[in-house]
file upload11.cif (mmCIF, C-alpha atoms)
data_protein
loop_
_atom_site.group_PDB
_atom_site.id
_atom_site.type_symbol
_atom_site.label_atom_id
_atom_site.label_comp_id
_atom_site.auth_asym_id
_atom_site.auth_seq_id
_atom_site.Cartn_x
_atom_site.Cartn_y
_atom_site.Cartn_z
ATOM 1 C CA MET A 117 0.000 0.000 0.000
ATOM 2 C CA LYS A 118 2.817 2.428 0.864
ATOM 3 C CA SER A 119 4.452 1.643 -2.483
ATOM 4 C CA VAL A 120 1.216 2.431 -4.331
ATOM 5 C CA MET A 121 0.838 5.700 -2.406
ATOM 6 C CA ARG A 122 4.429 6.701 -3.188
ATOM 7 C CA ARG A 123 3.872 6.076 -6.904
ATOM 8 C CA ALA A 124 0.629 8.055 -6.821
ATOM 9 C CA LEU A 125 2.344 11.009 -5.152
ATOM 10 C CA LEU A 126 5.218 10.796 -7.639
ATOM 11 C CA ALA A 127 2.813 10.768 -10.565
ATOM 12 C CA MET A 128 0.972 13.807 -9.161
ATOM 13 C CA SER A 129 4.225 15.740 -8.741
ATOM 14 C CA LEU A 130 5.331 14.874 -12.275
ATOM 15 C CA LEU A 131 1.940 15.876 -13.657
ATOM 16 C CA ALA A 132 2.173 19.246 -11.941
ATOM 17 C CA ALA A 133 5.598 19.748 -13.496
ATOM 18 C CA GLY A 134 4.376 18.558 -16.908
ATOM 19 C CA PRO A 135 4.808 21.727 -19.013
ATOM 20 C CA ALA A 136 8.305 22.375 -17.665
ATOM 21 C CA MET A 137 9.260 18.732 -18.145
ATOM 22 C CA ALA A 138 8.051 18.763 -21.742
ATOM 23 C CA GLN A 139 10.249 21.767 -22.530
ATOM 24 C CA GLN A 140 13.292 20.048 -21.024
ATOM 25 C CA PHE A 141 12.469 16.526 -22.207
ATOM 26 C CA PRO A 142 14.476 14.553 -23.056
ATOM 27 C CA GLY A 143 17.592 15.489 -21.144
ATOM 28 C CA ARG A 144 19.270 12.081 -21.131
ATOM 29 C CA THR A 145 19.226 8.608 -22.669
ATOM 30 C CA ILE A 146 15.852 6.896 -23.096
ATOM 31 C CA THR A 147 15.546 3.134 -22.681
ATOM 32 C CA ILE A 148 13.030 1.023 -24.606
ATOM 33 C CA ILE A 149 12.425 -2.290 -22.879
ATOM 34 C CA VAL A 150 11.717 -5.206 -25.210
ATOM 35 C CA PRO A 151 10.108 -8.025 -23.197
ATOM 36 C CA PHE A 152 11.590 -10.741 -25.422
ATOM 37 C CA ALA A 153 14.990 -12.128 -26.306
ATOM 38 C CA ALA A 154 17.423 -10.325 -28.591
ATOM 39 C CA GLY A 155 17.241 -11.328 -32.233
ATOM 40 C CA GLY A 156 13.475 -11.822 -32.340
ATOM 41 C CA PRO A 157 11.006 -9.836 -34.470
ATOM 42 C CA THR A 158 9.920 -7.400 -31.747
ATOM 43 C CA ASP A 159 13.569 -6.734 -30.971
ATOM 44 C CA THR A 160 14.218 -5.995 -34.659
ATOM 45 C CA VAL A 161 11.308 -3.544 -34.879
ATOM 46 C CA SER A 162 12.343 -1.880 -31.615
ATOM 47 C CA ARG A 163 15.939 -1.254 -32.674
ATOM 48 C CA LEU A 164 14.863 0.348 -35.946
ATOM 49 C CA VAL A 165 12.372 2.585 -34.134
ATOM 50 C CA ALA A 166 14.796 3.477 -31.329
ATOM 51 C CA GLU A 167 17.542 4.608 -33.682
ATOM 52 C CA THR A 168 15.183 6.755 -35.740
ATOM 53 C CA MET A 169 13.313 8.289 -32.790
ATOM 54 C CA GLY A 170 16.622 9.200 -31.204
ATOM 55 C CA ARG A 171 17.514 11.475 -34.106
ATOM 56 C CA ASP A 172 14.295 13.469 -33.681
ATOM 57 C CA LEU A 173 14.577 13.586 -29.875
ATOM 58 C CA GLY A 174 18.234 14.601 -29.948
ATOM 59 C CA GLN A 175 19.106 11.875 -27.458
ATOM 60 C CA THR A 176 20.258 8.281 -27.593
ATOM 61 C CA VAL A 177 17.448 5.747 -27.390
ATOM 62 C CA VAL A 178 18.743 2.334 -26.359
ATOM 63 C CA VAL A 179 17.000 -1.038 -26.464
ATOM 64 C CA GLU A 180 17.251 -3.394 -23.510
ATOM 65 C CA ASN A 181 15.939 -6.954 -23.620
ATOM 66 C CA ALA A 182 14.105 -8.243 -20.548
ATOM 67 C CA GLY A 183 12.562 -11.491 -21.751
ATOM 68 C CA GLY A 184 10.700 -14.247 -19.994
ATOM 69 C CA ALA A 185 7.228 -15.212 -18.751
ATOM 70 C CA GLY A 186 5.512 -14.406 -22.039
ATOM 71 C CA GLY A 187 6.632 -10.788 -21.989
ATOM 72 C CA THR A 188 5.363 -10.029 -18.494
ATOM 73 C CA ILE A 189 8.793 -9.596 -16.869
ATOM 74 C CA GLY A 190 9.739 -6.677 -19.098
ATOM 75 C CA SER A 191 6.213 -5.270 -18.995
ATOM 76 C CA GLN A 192 6.162 -5.298 -15.198
ATOM 77 C CA ARG A 193 9.481 -3.490 -15.123
ATOM 78 C CA VAL A 194 8.078 -0.652 -17.223
ATOM 79 C CA ALA A 195 4.744 -0.526 -15.395
ATOM 80 C CA GLN A 196 6.664 -0.038 -12.130
ATOM 81 C CA ALA A 197 9.260 2.380 -13.531
ATOM 82 C CA ARG A 198 9.404 6.081 -12.729
ATOM 83 C CA PRO A 199 6.763 7.720 -14.973
ATOM 84 C CA ASP A 200 9.055 10.328 -16.513
ATOM 85 C CA GLY A 201 9.327 9.155 -20.138
ATOM 86 C CA TYR A 202 12.800 7.660 -19.849
ATOM 87 C CA THR A 203 11.710 4.019 -19.564
ATOM 88 C CA LEU A 204 9.392 2.794 -22.328
ATOM 89 C CA LEU A 205 7.972 -0.516 -23.507
ATOM 90 C CA LEU A 206 7.686 -1.737 -27.073
ATOM 91 C CA HIS A 207 5.412 -4.770 -27.091
ATOM 92 C CA HIS A 208 3.299 -6.656 -29.589
ATOM 93 C CA ILE A 209 -0.165 -8.255 -29.664
ATOM 94 C CA GLY A 210 0.671 -9.867 -26.322
ATOM 95 C CA MET A 211 -0.492 -6.647 -24.666
ATOM 96 C CA ALA A 212 -4.024 -7.603 -25.781
ATOM 97 C CA THR A 213 -3.835 -11.210 -24.612
ATOM 98 C CA THR A 214 -1.999 -10.878 -21.297
ATOM 99 C CA PRO A 215 -5.149 -9.658 -19.454
ATOM 100 C CA SER A 216 -6.873 -12.965 -20.342
ATOM 101 C CA LEU A 217 -3.887 -15.336 -20.196
ATOM 102 C CA TYR A 218 -2.733 -14.261 -16.725
ATOM 103 C CA ARG A 219 -5.197 -14.289 -13.838
ATOM 104 C CA ARG A 220 -2.605 -13.116 -11.295
ATOM 105 C CA LEU A 221 0.030 -10.496 -12.068
ATOM 106 C CA ALA A 222 2.137 -8.171 -9.923
ATOM 107 C CA TYR A 223 1.145 -5.217 -12.109
ATOM 108 C CA ASP A 224 -1.946 -3.947 -13.922
ATOM 109 C CA PRO A 225 -1.580 -5.131 -17.566
ATOM 110 C CA VAL A 226 -3.973 -2.444 -18.820
ATOM 111 C CA GLY A 227 -4.146 0.333 -16.245
ATOM 112 C CA GLY A 228 -0.387 0.337 -15.697
ATOM 113 C CA PHE A 229 0.460 2.048 -18.980
ATOM 114 C CA GLU A 230 0.061 5.163 -21.081
ATOM 115 C CA THR A 231 -0.216 4.514 -24.827
ATOM 116 C CA ILE A 232 2.134 6.432 -27.134
ATOM 117 C CA GLY A 233 1.240 5.077 -30.561
ATOM 118 C CA LEU A 234 1.008 2.012 -32.762
ATOM 119 C CA VAL A 235 4.103 1.146 -34.808
ATOM 120 C CA THR A 236 3.364 -1.601 -37.312
ATOM 121 C CA GLU A 237 1.242 -4.658 -38.015
ATOM 122 C CA VAL A 238 3.476 -7.543 -39.000
ATOM 123 C CA PRO A 239 2.176 -10.559 -40.959
ATOM 124 C CA MET A 240 2.919 -14.041 -39.663
ATOM 125 C CA THR A 241 4.336 -16.901 -41.700
ATOM 126 C CA LEU A 242 3.947 -20.624 -41.158
ATOM 127 C CA VAL A 243 7.421 -22.068 -41.646
ATOM 128 C CA ALA A 244 9.067 -25.455 -41.229
ATOM 129 C CA LYS A 245 12.513 -26.920 -41.136
ATOM 130 C CA LYS A 246 14.151 -27.165 -44.532
ATOM 131 C CA ASP A 247 13.526 -30.897 -44.993
ATOM 132 C CA PHE A 248 9.937 -30.985 -43.682
ATOM 133 C CA PRO A 249 7.993 -33.569 -45.750
ATOM 134 C CA ALA A 250 5.571 -31.116 -47.411
ATOM 135 C CA THR A 251 5.897 -28.512 -50.146
ATOM 136 C CA ASN A 252 2.619 -26.614 -49.690
ATOM 137 C CA LEU A 253 0.022 -25.898 -47.014
ATOM 138 C CA ALA A 254 -2.348 -28.704 -48.026
ATOM 139 C CA GLU A 255 0.463 -31.237 -47.731
ATOM 140 C CA ALA A 256 1.594 -29.710 -44.426
ATOM 141 C CA ILE A 257 -1.940 -30.002 -43.006
ATOM 142 C CA ALA A 258 -2.021 -33.651 -44.015
ATOM 143 C CA VAL A 259 1.295 -34.269 -42.232
ATOM 144 C CA ILE A 260 0.089 -32.434 -39.103
ATOM 145 C CA ARG A 261 -3.152 -34.435 -38.982
ATOM 146 C CA ARG A 262 -1.274 -37.693 -39.466
ATOM 147 C CA GLU A 263 1.662 -37.092 -37.106
ATOM 148 C CA ARG A 264 -0.072 -34.872 -34.512
ATOM 149 C CA GLU A 265 1.923 -34.885 -31.222
ATOM 150 C CA ASN A 266 4.887 -36.488 -32.995
ATOM 151 C CA LEU A 267 5.565 -33.051 -34.484
ATOM 152 C CA ASN A 268 7.316 -30.326 -32.481
ATOM 153 C CA TYR A 269 5.923 -26.805 -32.752
ATOM 154 C CA ALA A 270 8.098 -23.984 -31.376
ATOM 155 C CA ASN A 271 6.838 -20.863 -29.678
ATOM 156 C CA ALA A 272 8.254 -18.067 -27.568
ATOM 157 C CA GLY A 273 6.203 -18.976 -24.506
ATOM 158 C CA ILE A 274 2.552 -18.709 -23.524
ATOM 159 C CA GLY A 275 1.175 -15.390 -24.683
ATOM 160 C CA ALA A 276 3.799 -14.828 -27.366
ATOM 161 C CA ALA A 277 2.622 -14.150 -30.913
ATOM 162 C CA SER A 278 3.998 -17.507 -32.005
ATOM 163 C CA HIS A 279 1.945 -19.217 -29.273
ATOM 164 C CA LEU A 280 -1.263 -17.463 -30.337
ATOM 165 C CA CYS A 281 -0.612 -18.273 -33.977
ATOM 166 C CA GLY A 282 -0.073 -21.909 -33.028
ATOM 167 C CA LEU A 283 -3.378 -22.009 -31.133
ATOM 168 C CA LEU A 284 -5.172 -20.769 -34.234
ATOM 169 C CA LEU A 285 -3.347 -23.234 -36.486
ATOM 170 C CA MET A 286 -4.095 -26.277 -34.339
ATOM 171 C CA LYS A 287 -7.724 -25.199 -33.992
ATOM 172 C CA ALA A 288 -8.024 -24.635 -37.752
ATOM 173 C CA VAL A 289 -6.600 -28.066 -38.659
ATOM 174 C CA ASP A 290 -8.193 -29.799 -35.645
ATOM 175 C CA ALA A 291 -4.977 -31.533 -34.638
ATOM 176 C CA PRO A 292 -2.639 -30.952 -31.656
ATOM 177 C CA MET A 293 1.142 -30.842 -31.853
ATOM 178 C CA THR A 294 3.769 -30.989 -29.126
ATOM 179 C CA THR A 295 4.591 -27.391 -28.274
ATOM 180 C CA VAL A 296 8.130 -26.463 -27.290
ATOM 181 C CA PRO A 297 8.448 -23.046 -25.612
ATOM 182 C CA PHE A 298 11.573 -20.885 -25.861
ATOM 183 C CA ARG A 299 12.627 -17.588 -24.326
ATOM 184 C CA GLY A 300 11.876 -15.681 -27.525
ATOM 185 C CA THR A 301 11.632 -16.549 -31.202
ATOM 186 C CA GLY A 302 15.318 -15.775 -31.741
ATOM 187 C CA PRO A 303 16.370 -18.990 -29.941
ATOM 188 C CA ALA A 304 13.437 -20.859 -31.512
ATOM 189 C CA MET A 305 14.595 -19.813 -34.968
ATOM 190 C CA GLN A 306 18.028 -21.306 -34.339
ATOM 191 C CA GLU A 307 16.423 -24.639 -33.448
ATOM 192 C CA ILE A 308 14.227 -24.787 -36.545
ATOM 193 C CA LEU A 309 17.174 -23.821 -38.744
ATOM 194 C CA SER A 310 19.154 -26.656 -37.180
ATOM 195 C CA GLY A 311 16.338 -29.106 -37.963
ATOM 196 C CA ARG A 312 15.595 -29.969 -34.330
ATOM 197 C CA ILE A 313 12.146 -28.308 -34.488
ATOM 198 C CA ASP A 314 9.524 -29.120 -37.142
ATOM 199 C CA LEU A 315 7.252 -26.076 -37.385
ATOM 200 C CA MET A 316 6.829 -22.531 -36.160
ATOM 201 C CA CYS A 317 4.675 -19.479 -36.756
ATOM 202 C CA ASP A 318 6.749 -16.316 -36.782
ATOM 203 C CA GLN A 319 6.580 -12.734 -37.944
ATOM 204 C CA THR A 320 7.921 -11.786 -41.365
ATOM 205 C CA THR A 321 10.437 -9.502 -39.659
ATOM 206 C CA ASN A 322 12.120 -12.667 -38.416
ATOM 207 C CA THR A 323 11.527 -15.070 -41.325
ATOM 208 C CA THR A 324 11.643 -13.162 -44.622
ATOM 209 C CA GLU A 325 15.413 -13.179 -45.003
ATOM 210 C CA GLN A 326 15.647 -16.851 -44.004
ATOM 211 C CA ILE A 327 12.861 -17.790 -46.427
ATOM 212 C CA ASN A 328 14.452 -15.886 -49.305
ATOM 213 C CA ALA A 329 17.784 -17.543 -48.519
ATOM 214 C CA GLY A 330 16.160 -20.987 -48.764
ATOM 215 C CA ALA A 331 16.930 -21.828 -45.142
ATOM 216 C CA LEU A 332 13.269 -22.440 -44.256
ATOM 217 C CA ARG A 333 10.263 -24.020 -45.938
ATOM 218 C CA VAL A 334 7.282 -21.653 -45.971
ATOM 219 C CA PHE A 335 3.625 -22.612 -46.437
ATOM 220 C CA SER A 336 1.584 -19.401 -46.093
ATOM 221 C CA VAL A 337 1.313 -15.846 -44.843
ATOM 222 C CA THR A 338 -1.482 -15.252 -42.339
ATOM 223 C CA THR A 339 -2.908 -12.074 -43.869
ATOM 224 C CA GLU A 340 -5.797 -11.265 -46.208
ATOM 225 C CA SER A 341 -3.459 -10.379 -49.054
ATOM 226 C CA ARG A 342 -0.043 -11.499 -50.219
ATOM 227 C CA ILE A 343 2.866 -9.332 -49.125
ATOM 228 C CA ALA A 344 5.403 -7.604 -51.363
ATOM 229 C CA ALA A 345 8.430 -9.102 -49.604
ATOM 230 C CA LEU A 346 7.186 -12.657 -50.280
ATOM 231 C CA PRO A 347 5.102 -12.334 -53.460
ATOM 232 C CA ASN A 348 5.146 -16.051 -54.275
ATOM 233 C CA VAL A 349 3.905 -17.185 -50.867
ATOM 234 C CA PRO A 350 0.113 -17.693 -50.809
ATOM 235 C CA THR A 351 -2.156 -16.488 -48.049
ATOM 236 C CA SER A 352 -3.623 -19.141 -45.789
ATOM 237 C CA ALA A 353 -7.030 -18.526 -47.352
ATOM 238 C CA GLU A 354 -5.638 -18.993 -50.864
ATOM 239 C CA ALA A 355 -4.002 -22.221 -49.725
ATOM 240 C CA GLY A 356 -7.275 -23.567 -48.332
ATOM 241 C CA LEU A 357 -7.240 -22.570 -44.641
ATOM 242 C CA PRO A 358 -9.233 -19.310 -44.302
ATOM 243 C CA ALA A 359 -9.642 -19.703 -40.522
ATOM 244 C CA PHE A 360 -5.894 -19.325 -40.079
ATOM 245 C CA GLN A 361 -5.434 -15.545 -40.181
ATOM 246 C CA VAL A 362 -3.580 -13.258 -37.747
ATOM 247 C CA SER A 363 -1.209 -10.290 -37.799
ATOM 248 C CA VAL A 364 0.989 -8.992 -35.004
ATOM 249 C CA TRP A 365 0.692 -5.327 -34.126
ATOM 250 C CA HIS A 366 3.303 -3.444 -32.112
ATOM 251 C CA GLY A 367 2.842 -0.412 -29.895
ATOM 252 C CA LEU A 368 4.916 1.892 -27.705
ATOM 253 C CA TYR A 369 4.015 2.467 -24.031
ATOM 254 C CA ALA A 370 5.089 4.538 -21.033
ATOM 255 C CA PRO A 371 4.338 3.928 -17.345
ATOM 256 C CA LYS A 372 0.970 5.133 -16.110
ATOM 257 C CA GLY A 373 1.205 8.702 -14.845
ATOM 258 C CA THR A 374 3.761 9.892 -17.399
ATOM 259 C CA PRO A 375 2.855 13.560 -17.994
ATOM 260 C CA ALA A 376 0.739 14.141 -21.088
ATOM 261 C CA PRO A 377 3.213 16.645 -22.637
ATOM 262 C CA VAL A 378 5.981 14.028 -22.403
ATOM 263 C CA VAL A 379 3.736 11.356 -23.940
ATOM 264 C CA GLN A 380 2.875 13.740 -26.768
ATOM 265 C CA ARG A 381 6.553 14.519 -27.400
ATOM 266 C CA LEU A 382 7.333 10.815 -27.599
ATOM 267 C CA SER A 383 4.367 10.257 -29.911
ATOM 268 C CA GLN A 384 5.568 13.081 -32.141
ATOM 269 C CA ALA A 385 9.020 11.487 -32.356
ATOM 270 C CA LEU A 386 7.439 8.131 -33.173
ATOM 271 C CA GLN A 387 5.408 9.671 -35.983
ATOM 272 C CA VAL A 388 8.542 11.301 -37.399
ATOM 273 C CA ALA A 389 10.377 7.971 -37.189
ATOM 274 C CA LEU A 390 7.632 6.121 -39.049
ATOM 275 C CA ARG A 391 7.985 8.559 -41.967
ATOM 276 C CA ASP A 392 11.742 8.092 -42.182
ATOM 277 C CA GLU A 393 12.714 6.729 -45.610
ATOM 278 C CA ARG A 394 15.374 4.402 -44.230
ATOM 279 C CA LEU A 395 13.005 2.907 -41.665
ATOM 280 C CA VAL A 396 10.252 2.465 -44.255
ATOM 281 C CA ALA A 397 12.683 0.771 -46.648
ATOM 282 C CA ARG A 398 14.013 -1.568 -43.960
ATOM 283 C CA PHE A 399 10.499 -2.444 -42.798
ATOM 284 C CA ALA A 400 9.628 -3.305 -46.419
ATOM 285 C CA GLU A 401 12.615 -5.650 -46.645
ATOM 286 C CA LEU A 402 11.275 -7.408 -43.548
ATOM 287 C CA GLY A 403 7.764 -7.765 -44.949
ATOM 288 C CA THR A 404 5.941 -5.022 -43.073
ATOM 289 C CA THR A 405 5.055 -1.312 -43.220
ATOM 290 C CA PRO A 406 4.644 1.444 -40.613
ATOM 291 C CA VAL A 407 1.093 2.211 -39.544
ATOM 292 C CA ALA A 408 -0.655 5.276 -40.947
ATOM 293 C CA GLN A 409 0.220 8.465 -39.073
ATOM 294 C CA GLU A 410 -3.214 8.800 -37.502
ATOM 295 C CA ARG A 411 -2.723 5.414 -35.824
ATOM 296 C CA ALA A 412 0.605 6.415 -34.250
ATOM 297 C CA THR A 413 -1.177 8.509 -31.621
ATOM 298 C CA PRO A 414 -1.996 7.771 -27.970
ATOM 299 C CA GLU A 415 -5.743 7.938 -28.607
ATOM 300 C CA ALA A 416 -5.834 5.628 -31.643
ATOM 301 C CA HIS A 417 -3.439 3.215 -29.972
ATOM 302 C CA ARG A 418 -5.560 2.883 -26.822
ATOM 303 C CA ALA A 419 -8.810 2.394 -28.769
ATOM 304 C CA PHE A 420 -7.246 -0.338 -30.929
ATOM 305 C CA TRP A 421 -5.687 -2.030 -27.908
ATOM 306 C CA GLN A 422 -8.974 -2.132 -25.992
ATOM 307 C CA ALA A 423 -10.789 -3.613 -29.009
ATOM 308 C CA ASP A 424 -8.157 -6.329 -29.419
ATOM 309 C CA ILE A 425 -8.374 -7.279 -25.747
ATOM 310 C CA ALA A 426 -12.086 -7.889 -26.293
ATOM 311 C CA LYS A 427 -11.388 -9.905 -29.478
ATOM 312 C CA TRP A 428 -8.895 -12.330 -27.921
ATOM 313 C CA ARG A 429 -10.591 -12.912 -24.556
ATOM 314 C CA PRO A 430 -13.170 -15.487 -25.791
ATOM 315 C CA ILE A 431 -10.549 -17.287 -27.929
ATOM 316 C CA ILE A 432 -8.234 -17.732 -24.946
ATOM 317 C CA GLN A 433 -11.057 -18.737 -22.626
ATOM 318 C CA ALA A 434 -12.219 -21.353 -25.135
ATOM 319 C CA ALA A 435 -8.691 -22.786 -25.378
ATOM 320 C CA GLY A 436 -8.534 -23.003 -21.580
ATOM 321 C CA GLN A 437 -4.761 -22.400 -21.545
ATOM 322 C CA TYR A 438 -3.551 -19.963 -18.906
ATOM 323 C CA ALA A 439 -0.059 -18.854 -18.073
ATOM 324 C CA ASP A 440 -0.369 -18.823 -14.278
#

call {"tool": "encode", "arguments": {"input": "upload11.cif", "output": "structure tokens"}}
result
Amino acid sequence: MKSVMRRALLAMSLLAAGPAMAQQFPGRTITIIVPFAAGGPTDTVSRLVAETMGRDLGQTVVVENAGGAGGTIGSQRVAQARPDGYTLLLHHIGMATTPSLYRRLAYDPVGGFETIGLVTEVPMTLVAKKDFPATNLAEAIAVIRRERENLNYANAGIGAASHLCGLLLMKAVDAPMTTVPFRGTGPAMQEILSGRIDLMCDQTTNTTEQINAGALRVFSVTTESRIAALPNVPTSAEAGLPAFQVSVWHGLYAPKGTPAPVVQRLSQALQVALRDERLVARFAELGTTPVAQERATPEAHRAFWQADIAKWRPIIQAAGQYAD
């Protein structure tokens, strides 16, 4: 209780100093916490955004990985950080599923944050080890239904995008597989490249280069339309599995109580970053695009986030898989 009161008093004092803070902000290095392992897709997005935002803010923006527990370790760290704009969180769709997946948390997964703006919506790809015995999605479905638990499916832990994608896949094909959790999709990718894991769902930011290099077998992209970075890869619907569709959105957050002028300054820097030609070009190489400018605002971000929480809650409850 004393800790909560101290944070409330701190937030009130920072709010009162808001205009002055905004004029001085930022005066030192900003840290973006990524709640997943280095080398994964969210890490890749975060490092591109951090570098570009830093140029507009006139300060270094560093990325720090704090993975584990489906992204909740890093998220808790930001939720409990000083609300001054110097400790931020860049998280993906897991921010919409955590409230349903975890029934007991040491922080408020919704009320503990200020939204800054959406960043991008990344398509997912269903990929397999190079020698997987299927060349298209129909053949892969047949193998999954035949082999079932004999197949290993990698994910980055309960609540990760790869976990959610796997839930949808197994529901769509009506066949379970043996799931193997990792501390991020970076380590999982190494295992599938080595041939020790059979299948994985992962974001194009983490698979496009490997697919184009021929290091992975790819069966579909989980979006309504094909993507420019992988023009020859069919959508799941085109390949005969319309129920298998999901994209992974990313957003930037600050601790609850961060003064509105500071949040707005960060949002402004994010919007500038998402227009940067080098960032746009690099995103395109990775199979994604920045969101439209009107979506990179605190208001649009919060509305989208709340709607996605409502979308995923019944899916998670029906699966009956909880992380605590």

call {"tool": "axis_aligned_box", "arguments": {"input": "upload11.cif", "around": "segment 147-153 of chain A", "padding_each_side": "4 Å", "output": "JSON"}}
result
{"center_x": 12.8, "center_y": -4.5, "center_z": -24.5, "size_x": 13.4, "size_y": 23.3, "size_z": 11.6}

call {"tool": "residues_around", "arguments": {"input": "upload11.cif", "residues": "segment 387-398 of chain A", "least_positions_apart": "4", "cutoff": "7 Å", "atoms": "all atoms listed in the file", "output": "mmCIF file with C-alpha atoms, in the coordinates of the input"}}
result
data_model
loop_
_atom_site.group_PDB
_atom_site.id
_atom_site.type_symbol
_atom_site.label_atom_id
_atom_site.label_comp_id
_atom_site.auth_asym_id
_atom_site.auth_seq_id
_atom_site.Cartn_x
_atom_site.Cartn_y
_atom_site.Cartn_z
ATOM 1 C CA LEU A 164 14.863 0.348 -35.946
ATOM 2 C CA VAL A 165 12.372 2.585 -34.134
ATOM 3 C CA THR A 168 15.183 6.755 -35.740
ATOM 4 C CA MET A 169 13.313 8.289 -32.790
ATOM 5 C CA SER A 383 4.367 10.257 -29.911
ATOM 6 C CA LEU A 402 11.275 -7.408 -43.548
ATOM 7 C CA THR A 405 5.055 -1.312 -43.220
ATOM 8 C CA PRO A 406 4.644 1.444 -40.613
ATOM 9 C CA GLN A 409 0.220 8.465 -39.073
ATOM 10 C CA ALA A 412 0.605 6.415 -34.250
#

call {"tool": "resolve_selection", "arguments": {"input": "upload11.cif", "expression": "the PyMOL selection byres ((chain A and resi 234-238) around 7)", "output": "NGL selection string"}}
result
:A and (233 or 239-240 or 319-320 or 363-368 or 404-407 or 411-413 or 417)

call {"tool": "closest_residue", "arguments": {"input": "upload11.cif", "among": "A:Ser191, A:Thr213, A:Thr203, A:Gln196", "to": "Gln422 of chain A", "atoms": "all atoms listed in the file"}}
result
A:Thr213

call {"tool": "residues_around", "arguments": {"input": "upload11.cif", "residues": "Ala329 of chain A", "least_positions_apart": "4", "cutoff": "12 Å", "atoms": "all atoms listed in the file", "output": "ChimeraX atom specification"}}
result
/A:246,309,323-325,333-334,346

call {"tool": "closest_residue", "arguments": {"input": "upload11.cif", "among": "A:Met286, A:Ala276, A:Ala359, A:Leu253", "to": "Ser336 of chain A", "atoms": "only C-alpha atoms"}}
result
A:Leu253

call {"tool": "residues_around", "arguments": {"input": "upload11.cif", "residues": "Gly190 of chain A", "least_positions_apart": "6", "cutoff": "8 Å", "atoms": "only C-alpha atoms", "output": "PyMOL selection string"}}
result
chain A and resi 149-152+181-184+205

call {"tool": "residues_around", "arguments": {"input": "upload11.cif", "residues": "Leu217 of chain A", "least_positions_apart": "3", "cutoff": "12 Å", "atoms": "only C-alpha atoms", "output": "MDAnalysis selection string"}}
result
chainID A and resid 185:188 210:214 220:221 225 273:276 279:280 425 428:440

call {"tool": "write_last_selection", "arguments": {"input": "upload11.cif", "atoms": "C-alpha atoms", "output": "PDB file, keeping the file's coordinate frame"}}
result
ATOM      1  CA  ALA A 185       7.228 -15.212 -18.751  1.00  0.00           C
ATOM      2  CA  GLY A 186       5.512 -14.406 -22.039  1.00  0.00           C
ATOM      3  CA  GLY A 187       6.632 -10.788 -21.989  1.00  0.00           C
ATOM      4  CA  THR A 188       5.363 -10.029 -18.494  1.00  0.00           C
ATOM      5  CA  GLY A 210       0.671  -9.867 -26.322  1.00  0.00           C
ATOM      6  CA  MET A 211      -0.492  -6.647 -24.666  1.00  0.00           C
ATOM      7  CA  ALA A 212      -4.024  -7.603 -25.781  1.00  0.00           C
ATOM      8  CA  THR A 213      -3.835 -11.210 -24.612  1.00  0.00           C
ATOM      9  CA  THR A 214      -1.999 -10.878 -21.297  1.00  0.00           C
ATOM     10  CA  ARG A 220      -2.605 -13.116 -11.295  1.00  0.00           C
ATOM     11  CA  LEU A 221       0.030 -10.496 -12.068  1.00  0.00           C
ATOM     12  CA  PRO A 225      -1.580  -5.131 -17.566  1.00  0.00           C
ATOM     13  CA  GLY A 273       6.203 -18.976 -24.506  1.00  0.00           C
ATOM     14  CA  ILE A 274       2.552 -18.709 -23.524  1.00  0.00           C
ATOM     15  CA  GLY A 275       1.175 -15.390 -24.683  1.00  0.00           C
ATOM     16  CA  ALA A 276       3.799 -14.828 -27.366  1.00  0.00           C
ATOM     17  CA  HIS A 279       1.945 -19.217 -29.273  1.00  0.00           C
ATOM     18  CA  LEU A 280      -1.263 -17.463 -30.337  1.00  0.00           C
ATOM     19  CA  ILE A 425      -8.374  -7.279 -25.747  1.00  0.00           C
ATOM     20  CA  TRP A 428      -8.895 -12.330 -27.921  1.00  0.00           C
ATOM     21  CA  ARG A 429     -10.591 -12.912 -24.556  1.00  0.00           C
ATOM     22  CA  PRO A 430     -13.170 -15.487 -25.791  1.00  0.00           C
ATOM     23  CA  ILE A 431     -10.549 -17.287 -27.929  1.00  0.00           C
ATOM     24  CA  ILE A 432      -8.234 -17.732 -24.946  1.00  0.00           C
ATOM     25  CA  GLN A 433     -11.057 -18.737 -22.626  1.00  0.00           C
ATOM     26  CA  ALA A 434     -12.219 -21.353 -25.135  1.00  0.00           C
ATOM     27  CA  ALA A 435      -8.691 -22.786 -25.378  1.00  0.00           C
ATOM     28  CA  GLY A 436      -8.534 -23.003 -21.580  1.00  0.00           C
ATOM     29  CA  GLN A 437      -4.761 -22.400 -21.545  1.00  0.00           C
ATOM     30  CA  TYR A 438      -3.551 -19.963 -18.906  1.00  0.00           C
ATOM     31  CA  ALA A 439      -0.059 -18.854 -18.073  1.00  0.00           C
ATOM     32  CA  ASP A 440      -0.369 -18.823 -14.278  1.00  0.00           C
TER      33      ASP A 440
END

call {"tool": "atom_distance", "arguments": {"input": "upload11.cif", "atom1": "atom CA of Gly373 of chain A", "atom2": "atom CA of Ala166 of chain A"}}
result
22.0 Å

call {"tool": "residues_around", "arguments": {"input": "upload11.cif", "residues": "Val243 of chain A", "least_positions_apart": "3", "cutoff": "7 Å", "atoms": "all atoms listed in the file", "output": "JSON, numbers by chain"}}
result
{"A": [315, 316, 317, 332, 333, 334, 335]}

call {"tool": "atom_distance", "arguments": {"input": "upload11.cif", "atom1": "atom CA of Met305 of chain A", "atom2": "atom CA of Ala244 of chain A"}}
result
10.1 Å

call {"tool": "resolve_selection", "arguments": {"input": "upload11.cif", "expression": "the PyMOL selection byres ((chain A and resi 288) around 9)", "output": "MDAnalysis selection string"}}
result
chainID A and resid 283:287 289:291 357:360
